[in-house]
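Enquirer: There's a structure below that I have some questions on.
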Amino acid sequence: MSYDKKIEVEIFQRDRRSDVDVRILREPPPDIHCPEEVVALAKSLAPAFYIDVGNVCNQNCVYCSVERRQLVRTRRQDALANGQAAMRHGFSTCVLIGGEPTIWPPLFSVLEQLNTAGLMGTVLTTNGLMLSYKPYVDNLEQHAVHTVALSYDDWRSENQRNLSRRADAGDLLEEALANLARSPMQTYLYAVVTRHLKDQGKPFAHWFAHAAQTFRRKPYLLFAGLKPLERAHSHYGQLSLSLTDTAQVVKDAIKEAPNASIAYRDIPLCLIPDHLGRSLDLYHQHASLDTATGETSPAALATDREWAPQCSSCKLRGYCPAIYQTYLEQVGADEFSPF
């Protein structure tokens, strides 16, 4: 006998903050070679302001770094107020993050109102499940979403299922990719590098280079270091990969597909010295915007990250994403060396 059991989950409303998180575009050091396609990606993502829709999600990824001890959603009026304030102070691109923005009830009404107020474009970060439905993708296009950042942590369906803990993840992502391939929106695949990708940079890049040929607009593959926080911290033993091995995945991918648009972030720069210009950390600076005054304050080093002792003399320290304390506690700092 089978039955469906409805589970009631209380979702709270998030309190509005007096500031807005923003991403500022900056110039990388002049002596670093910056591939044109990576510069183009960086400029499409910044300057921008964030709308965090809350932590409600329709997946249960083992590597998720978002705190979920209590489920919260952002109110429509708060998202609008923060977005309008950011736009008044010169930020004309919105980056939607979560949780999962595609299941945020007021998504399209908020975009419609912000577009009317002068929003130039929107970047959607998503797990892609809702994008398996073509009408939903069409709706995103009609609401001026210009870039989709699709979580795509492995090209193999089995690993997609294991990482997301959804049996249908692989099939839905395949449909989402097909829909995005036909779309005029820019797509970049956001791959968190876990133990599943150890020594798999070349086959991943080979798959990506082939898949890219089917896209109406040339897509990007963006690798990201694992953030050992929250659920990812709980599953750290299952997911962890040394940052040296993480960097090797990126280097192998670039070597396998040198003409593909491949970039990375959240990986210490000293580990990929031959491809510094492909790090989005060089181009982006995170900051906080005071909605009353319009002043921006560069984000301080997060309390969960720190520097290795040898980082103090590095000339690229101001561009590097630093190292998570959890990582330093478990692995140490011997693999890092200053520029």
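The way I read the labels, and the way they are meant: chains A, B, ... in the order of the structure tokens, residue 1 as the first residue of every chain, and ligand 1 as the first ligand shown, with later ones counted on from there.
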Run DSSP on the backbone and give me the residues of region 51-297 of chain A it puts in helix (DSSP H, G or I), as a PyMOL selection string.
Expert: chain A and resi 76-88+101-103+107-116+130-132+134-142+157-164+169-181+195-197+201-212+230-234+236-239+243-256+269-271+273-278+280-282
Enquirer: With C-alpha atoms retained, write the just-selected residues as a CSV table (one decimal), in the first residue's frame.
Expert:
chain,number,residue,atom,x,y,z
A,76,ARG,CA,7.9,41.0,-2.0
A,77,GLN,CA,7.8,44.6,-0.7
A,78,ASP,CA,11.2,44.3,0.9
A,79,ALA,CA,12.8,42.9,-2.3
A,80,LEU,CA,11.2,45.8,-4.2
A,81,ALA,CA,12.3,48.4,-1.7
A,82,ASN,CA,15.9,47.2,-1.7
A,83,GLY,CA,16.0,46.8,-5.5
A,84,GLN,CA,14.7,50.3,-6.1
A,85,ALA,CA,17.1,51.7,-3.6
A,86,ALA,CA,20.1,50.0,-5.3
A,87,MET,CA,18.9,51.2,-8.7
A,88,ARG,CA,18.7,54.8,-7.4
A,101,PRO,CA,14.6,31.8,-6.8
A,102,THR,CA,12.4,30.0,-9.4
A,103,ILE,CA,10.1,28.8,-6.6
A,107,LEU,CA,9.5,36.4,-8.6
A,108,PHE,CA,7.8,37.6,-11.8
A,109,SER,CA,5.8,40.3,-10.2
A,110,VAL,CA,9.0,41.7,-8.6
A,111,LEU,CA,10.9,41.5,-11.9
A,112,GLU,CA,8.1,43.2,-13.8
A,113,GLN,CA,8.0,46.1,-11.4
A,114,LEU,CA,11.8,46.5,-11.3
A,115,ASN,CA,12.0,46.3,-15.1
A,116,THR,CA,9.4,49.1,-15.3
A,130,MET,CA,11.9,24.6,-13.2
A,131,LEU,CA,13.9,25.4,-16.3
A,132,SER,CA,13.0,21.9,-17.6
A,134,LYS,CA,9.9,25.5,-21.8
A,135,PRO,CA,7.1,27.9,-20.9
A,136,TYR,CA,9.0,28.8,-17.7
A,137,VAL,CA,12.2,29.6,-19.7
A,138,ASP,CA,10.1,31.7,-22.1
A,139,ASN,CA,8.7,33.6,-19.1
A,140,LEU,CA,12.2,34.4,-17.9
A,141,GLU,CA,13.1,35.7,-21.3
A,142,GLN,CA,10.0,37.9,-21.3
A,157,SER,CA,23.4,11.8,-14.2
A,158,GLU,CA,24.3,9.4,-11.3
A,159,ASN,CA,26.4,11.9,-9.6
A,160,GLN,CA,23.8,14.7,-10.2
A,161,ARG,CA,21.3,12.5,-8.4
A,162,ASN,CA,23.7,11.7,-5.5
A,163,LEU,CA,24.7,15.4,-5.0
A,164,SER,CA,21.2,16.8,-5.2
A,169,ALA,CA,17.7,15.6,-11.1
A,170,GLY,CA,19.5,14.2,-14.1
A,171,ASP,CA,16.5,14.0,-16.4
A,172,LEU,CA,15.3,17.5,-15.4
A,173,LEU,CA,18.7,19.0,-15.9
A,174,GLU,CA,18.9,17.4,-19.3
A,175,GLU,CA,15.6,19.1,-20.3
A,176,ALA,CA,16.8,22.4,-18.7
A,177,LEU,CA,20.0,22.4,-20.8
A,178,ALA,CA,18.1,21.7,-24.0
A,179,ASN,CA,15.8,24.6,-23.3
A,180,LEU,CA,18.7,27.0,-22.4
A,181,ALA,CA,20.5,25.9,-25.6
A,195,ARG,CA,35.5,14.7,-4.5
A,196,HIS,CA,33.3,13.4,-7.4
A,197,LEU,CA,35.4,15.5,-9.8
A,201,GLY,CA,38.6,17.9,-15.4
A,202,LYS,CA,39.4,16.6,-18.9
A,203,PRO,CA,36.3,14.5,-19.4
A,204,PHE,CA,34.1,17.2,-18.0
A,205,ALA,CA,35.6,19.8,-20.3
A,206,HIS,CA,35.3,17.3,-23.3
A,207,TRP,CA,31.6,16.9,-22.5
A,208,PHE,CA,31.2,20.7,-22.1
A,209,ALA,CA,33.0,21.5,-25.4
A,210,HIS,CA,30.6,19.2,-27.2
A,211,ALA,CA,27.5,20.4,-25.5
A,212,ALA,CA,28.5,24.1,-26.1
A,230,GLU,CA,26.3,24.2,6.9
A,231,ARG,CA,25.3,21.0,5.1
A,232,ALA,CA,28.6,20.9,3.2
A,233,HIS,CA,30.4,20.9,6.5
A,234,SER,CA,28.3,18.0,7.8
A,236,TYR,CA,32.7,17.3,4.5
A,237,GLY,CA,34.3,13.8,4.7
A,238,GLN,CA,32.2,12.7,1.7
A,239,LEU,CA,32.8,15.8,-0.4
A,243,LEU,CA,42.4,22.7,-3.0
A,244,THR,CA,45.5,21.6,-5.0
A,245,ASP,CA,43.4,18.8,-6.5
A,246,THR,CA,40.5,21.3,-7.0
A,247,ALA,CA,42.9,23.5,-8.9
A,248,GLN,CA,44.1,20.6,-11.0
A,249,VAL,CA,40.5,19.9,-12.1
A,250,VAL,CA,40.4,23.4,-13.5
A,251,LYS,CA,43.8,23.2,-15.1
A,252,ASP,CA,43.0,19.9,-16.7
A,253,ALA,CA,39.7,21.2,-18.1
A,254,ILE,CA,41.4,24.3,-19.6
A,255,LYS,CA,44.1,22.0,-21.2
A,256,GLU,CA,41.5,19.7,-22.6
A,269,LEU,CA,45.0,32.2,-6.9
A,270,CYS,CA,48.5,30.7,-6.1
A,271,LEU,CA,47.2,27.3,-7.0
A,273,PRO,CA,49.2,30.7,-11.5
A,274,ASP,CA,49.1,30.0,-15.3
A,275,HIS,CA,45.5,30.9,-15.6
A,276,LEU,CA,45.0,33.9,-13.2
A,277,GLY,CA,43.0,35.8,-15.7
A,278,ARG,CA,40.3,33.2,-15.6
A,280,LEU,CA,36.3,35.9,-11.5
A,281,ASP,CA,37.7,36.9,-8.1
A,282,LEU,CA,40.1,39.2,-10.0
Enquirer: Assign secondary structure with DSSP using the backbone only, and return the residues of region 114-243 of chain A in strand (DSSP E) as a list in words.
Expert: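 Written out, the strand (DSSP E) residues of region 114-243 of chain A are Gly121, Thr122, Val123, Leu124, Thr125, Thr126, Val145, His146, Thr147, Val148, Ala149, Leu150, Ser151, Gln186, Thr187, Tyr188, Leu189, Tyr190, Ala191, Val192, Val193, Tyr220, Leu221, Leu222, Phe223, Ala224 and Gly225 of chain A.
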Enquirer: Got a sec: who's within 10 Å of region 314-323 of chain A, counting only C-alpha atoms, leaving out chain neighbours fewer than 3 positions off, as a VMD selection string?
Expert: chain A and resid 26 28 to 29 225 227 243 265 to 270 279 to 285 301 to 302 304 to 308 310 to 311 326 to 328 333 336 to 339
Enquirer: A:Gly294, A:Pro106, A:Pro228, A:Pro35: which is nearest Pro258 (chain A), counting only C-alpha atoms?
Expert: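 For Pro258 (chain A), the nearest of the candidates is A:Pro35.
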Enquirer: What is the CA of Glu295 (chain A) to CA of Tyr50 (chain A) distance in Å?
Expert: 15.9 Å
Enquirer: In terms of the shortest atom-to-atom distance over only C-alpha atoms, which of A:Tyr63, A:Phe49, A:Tyr190, A:Tyr152 is closest to Arg165 (chain A)?
Expert: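 The shortest atom-to-atom distance to Arg165 (chain A) comes from A:Tyr63.
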